[in-house]
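Trainee: I am attaching a structure below and will ask some questions about it afterwards.
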Amino acid sequence: MKKLLYIKSHQIIIESSQMDDLPSASSLSEKLYQAILLSQLLDKEAMQAKNQQQYNDLMEYYGMWTHQIKTPVSSLDLMCQMEKIDTSLMKKELFKIDEYLNMMLHYLKTAAIEQDLVFAKYSLKQIVFDAIKKYATFFSQENLSLSLKIEDQKIITDKKWLTFIIDQLLFNAIKYTPKGRITISNQGGVLSIKDTGIGLLPQDVPRIFEKGYTGFNGRMDKKSTGLGLHMSQEIAKSLGITIKVTSTLDVGSSFSLEFEQRHFNVE
């Protein structure tokens, strides 16, 4: 019996279902051997299933990400074929590529985000201002105006991951607001990013944070994959932030970040 257990435990491929092949345990020690082996096999199979799911998720994400990054790459290719090149437009497309690369790097880190988080006390106003600076070129070239109503508020968060969320919401607001105004404000522990863009259909609002869900507007412009909002929602959970959205078609959308500020270990 012990020999059979030893042989099975050292097989290259073995499944928990094969435990049925073993003879019935005739002693307490044999029952213990079987219990230990079964436990190890179940742990191994659970780990294999987890690894396979992570691989499947990565491949699915990579497929959507590849589709997304092709848009600015194609735009740059067309610009290079023109006699007169608009460098300002090229810079915008290069900016988009950089953003999508940054999104991929963040996605790869989300699998172990809990080990990457570093909480400290920050100025929410400064974090927002730093994010806005990145998109200054869009406001200067688009038919957009920016309204800031930010009070200086101290929050406990991970600056890198919160910045990623704000970047995604701000970039979405710019992308879906051909002209009009984007307003960023905070009050009572809530940060709001509001636009006067194309808005969302009522049936799309509850699903916009689902992975790969683009909604009607995303399908119309064929540029959106829904990755940014999905990642933002998942990251927000780790930061103790609740993201809420309200939207009206042809009127605009408003995203709010509610900071729960539960106990965090501040470094």
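Scheme for the structure tokens: letters A, B, ... for chains in order shown; per-chain residue numbers from 1; ligand numbers from 1 in order shown.
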Mind listing the helix (DSSP H, G or I) residues of region 137-255 of chain A, per DSSP on the backbone, as a VMD selection string?

Mentor: chain A and resid 137 to 141 159 to 175 205 to 207 215 to 221 227 to 239

Trainee: Would you return as an MDAnalysis selection string the members of region 5-242 of chain A that DSSP assigns to strand (DSSP E or B) on this structure's backbone?

Mentor: chainID A and resid 119:123 143:149 154:157 179:187 190:195 241:242

Trainee: Measure the distance from CA of Lys194 (chain A) to CA of Phe255 (chain A) in Å and round it to one decimal.

Mentor: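 Computed distance, CA of Lys194 (chain A) to CA of Phe255 (chain A), equals 6.3 Å.
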
Trainee: Give me, as a Markdown table, each residue of region 146-220 of chain A that comes within 7 Å of region 249-253 of chain A, together with its shortest interatomic pair and the distance in Å at one decimal, counting only C-alpha atoms, with rows ordered by chain and rising residue number.

Mentor:
| residue | atom | partner | partner_atom | distance |
| --- | --- | --- | --- | --- |
| A:Lys194 | CA | A:Ser253 | CA | 5.8 |
| A:Asp195 | CA | A:Gly252 | CA | 5.3 |
| A:Thr196 | CA | A:Gly252 | CA | 4.1 |
| A:Gly197 | CA | A:Gly252 | CA | 4.4 |
| A:Ile198 | CA | A:Asp250 | CA | 4.4 |
| A:Gly199 | CA | A:Gly252 | CA | 4.2 |
| A:Leu200 | CA | A:Leu249 | CA | 4.9 |
| A:Leu201 | CA | A:Leu249 | CA | 5.6 |

Trainee: Name all residues at most 7 Å from region 148-163 of chain A (count only C-alpha atoms; drop same-chain ones fewer than 4 positions away) and give them as a PyMOL selection string.

Mentor: chain A and resi 117-125+127+131+167+183-186+239+261

Trainee: Can you pull out every residue within 12 Å of region 55-62 of chain A, counting only C-alpha atoms, but drop anything in the same chain fewer than 6 positions away, and send it as a list in words?

Mentor: Gln48, Ala49, Gln68, Ile69, Tyr100, Leu101, Met103, Met104, Leu105, Tyr107, Leu108, Lys109, Thr110, Ala111, Lys211, Gly212, Thr225, Gly226, Leu227, Gly228, His230 and Met231 of chain A

Trainee: Hey, can you check how far CA of Leu146 (chain A) sits from CA of Ile193 (chain A)?

Mentor: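 Taking CA of Leu146 (chain A) and CA of Ile193 (chain A), their separation equals 10.6 Å.
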
Trainee: Within 9 Å of Leu229 (chain A), counting only C-alpha atoms, which residues show up once you throw out same-chain ones fewer than 3 positions away? Write them as an mmCIF file with N, CA, C and O atoms, in the first residue's frame, please.

Mentor:
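out.cif written:
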data_model
loop_
_atom_site.group_PDB
_atom_site.id
_atom_site.type_symbol
_atom_site.label_atom_id
_atom_site.label_comp_id
_atom_site.auth_asym_id
_atom_site.auth_seq_id
_atom_site.Cartn_x
_atom_site.Cartn_y
_atom_site.Cartn_z
ATOM 1 N N ILE A 165 -6.656 55.424 -12.244
ATOM 2 C CA ILE A 165 -8.113 55.513 -12.328
ATOM 3 C C ILE A 165 -8.540 56.882 -12.860
ATOM 4 O O ILE A 165 -9.371 56.983 -13.767
ATOM 5 N N GLN A 168 -7.904 57.262 -16.560
ATOM 6 C CA GLN A 168 -8.866 56.557 -17.404
ATOM 7 C C GLN A 168 -10.182 57.325 -17.507
ATOM 8 O O GLN A 168 -10.751 57.456 -18.597
ATOM 9 N N LEU A 169 -10.667 57.840 -16.389
ATOM 10 C CA LEU A 169 -11.931 58.578 -16.402
ATOM 11 C C LEU A 169 -11.795 59.884 -17.170
ATOM 12 O O LEU A 169 -12.704 60.274 -17.919
ATOM 13 N N ASN A 172 -11.509 59.127 -20.957
ATOM 14 C CA ASN A 172 -12.827 58.779 -21.483
ATOM 15 C C ASN A 172 -13.673 60.038 -21.689
ATOM 16 O O ASN A 172 -14.383 60.171 -22.694
ATOM 17 N N ILE A 208 -21.122 49.178 -17.876
ATOM 18 C CA ILE A 208 -19.915 49.763 -18.452
ATOM 19 C C ILE A 208 -18.628 49.305 -17.779
ATOM 20 O O ILE A 208 -17.546 49.462 -18.338
ATOM 21 N N PHE A 209 -18.722 48.742 -16.566
ATOM 22 C CA PHE A 209 -17.513 48.278 -15.885
ATOM 23 C C PHE A 209 -17.210 46.808 -16.166
ATOM 24 O O PHE A 209 -16.235 46.269 -15.657
ATOM 25 N N GLU A 210 -18.058 46.158 -16.956
ATOM 26 C CA GLU A 210 -17.804 44.769 -17.310
ATOM 27 C C GLU A 210 -16.645 44.680 -18.304
ATOM 28 O O GLU A 210 -16.506 45.537 -19.177
ATOM 29 N N LYS A 211 -15.836 43.647 -18.148
ATOM 30 C CA LYS A 211 -14.683 43.486 -19.033
ATOM 31 C C LYS A 211 -15.136 43.264 -20.468
ATOM 32 O O LYS A 211 -15.921 42.375 -20.769
ATOM 33 N N GLY A 226 -13.490 48.899 -23.566
ATOM 34 C CA GLY A 226 -13.998 48.830 -22.204
ATOM 35 C C GLY A 226 -12.967 48.417 -21.175
ATOM 36 O O GLY A 226 -13.301 48.238 -20.000
ATOM 37 N N SER A 232 -10.253 50.027 -13.885
ATOM 38 C CA SER A 232 -10.448 51.063 -12.868
ATOM 39 C C SER A 232 -11.356 50.568 -11.749
ATOM 40 O O SER A 232 -11.098 50.814 -10.564
ATOM 41 N N GLN A 233 -12.411 49.866 -12.125
ATOM 42 C CA GLN A 233 -13.336 49.332 -11.126
ATOM 43 C C GLN A 233 -12.653 48.322 -10.213
ATOM 44 O O GLN A 233 -12.816 48.350 -8.981
ATOM 45 N N GLU A 234 -11.855 47.424 -10.790
ATOM 46 C CA GLU A 234 -11.172 46.405 -10.003
ATOM 47 C C GLU A 234 -10.114 47.024 -9.090
ATOM 48 O O GLU A 234 -9.954 46.624 -7.937
#

Trainee: Please measure the separation of CA of Gly180 (chain A) and CA of Thr248 (chain A), giving the value in Å to one decimal.

Mentor: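 Separation of CA of Gly180 (chain A) and CA of Thr248 (chain A): 14.9 Å.
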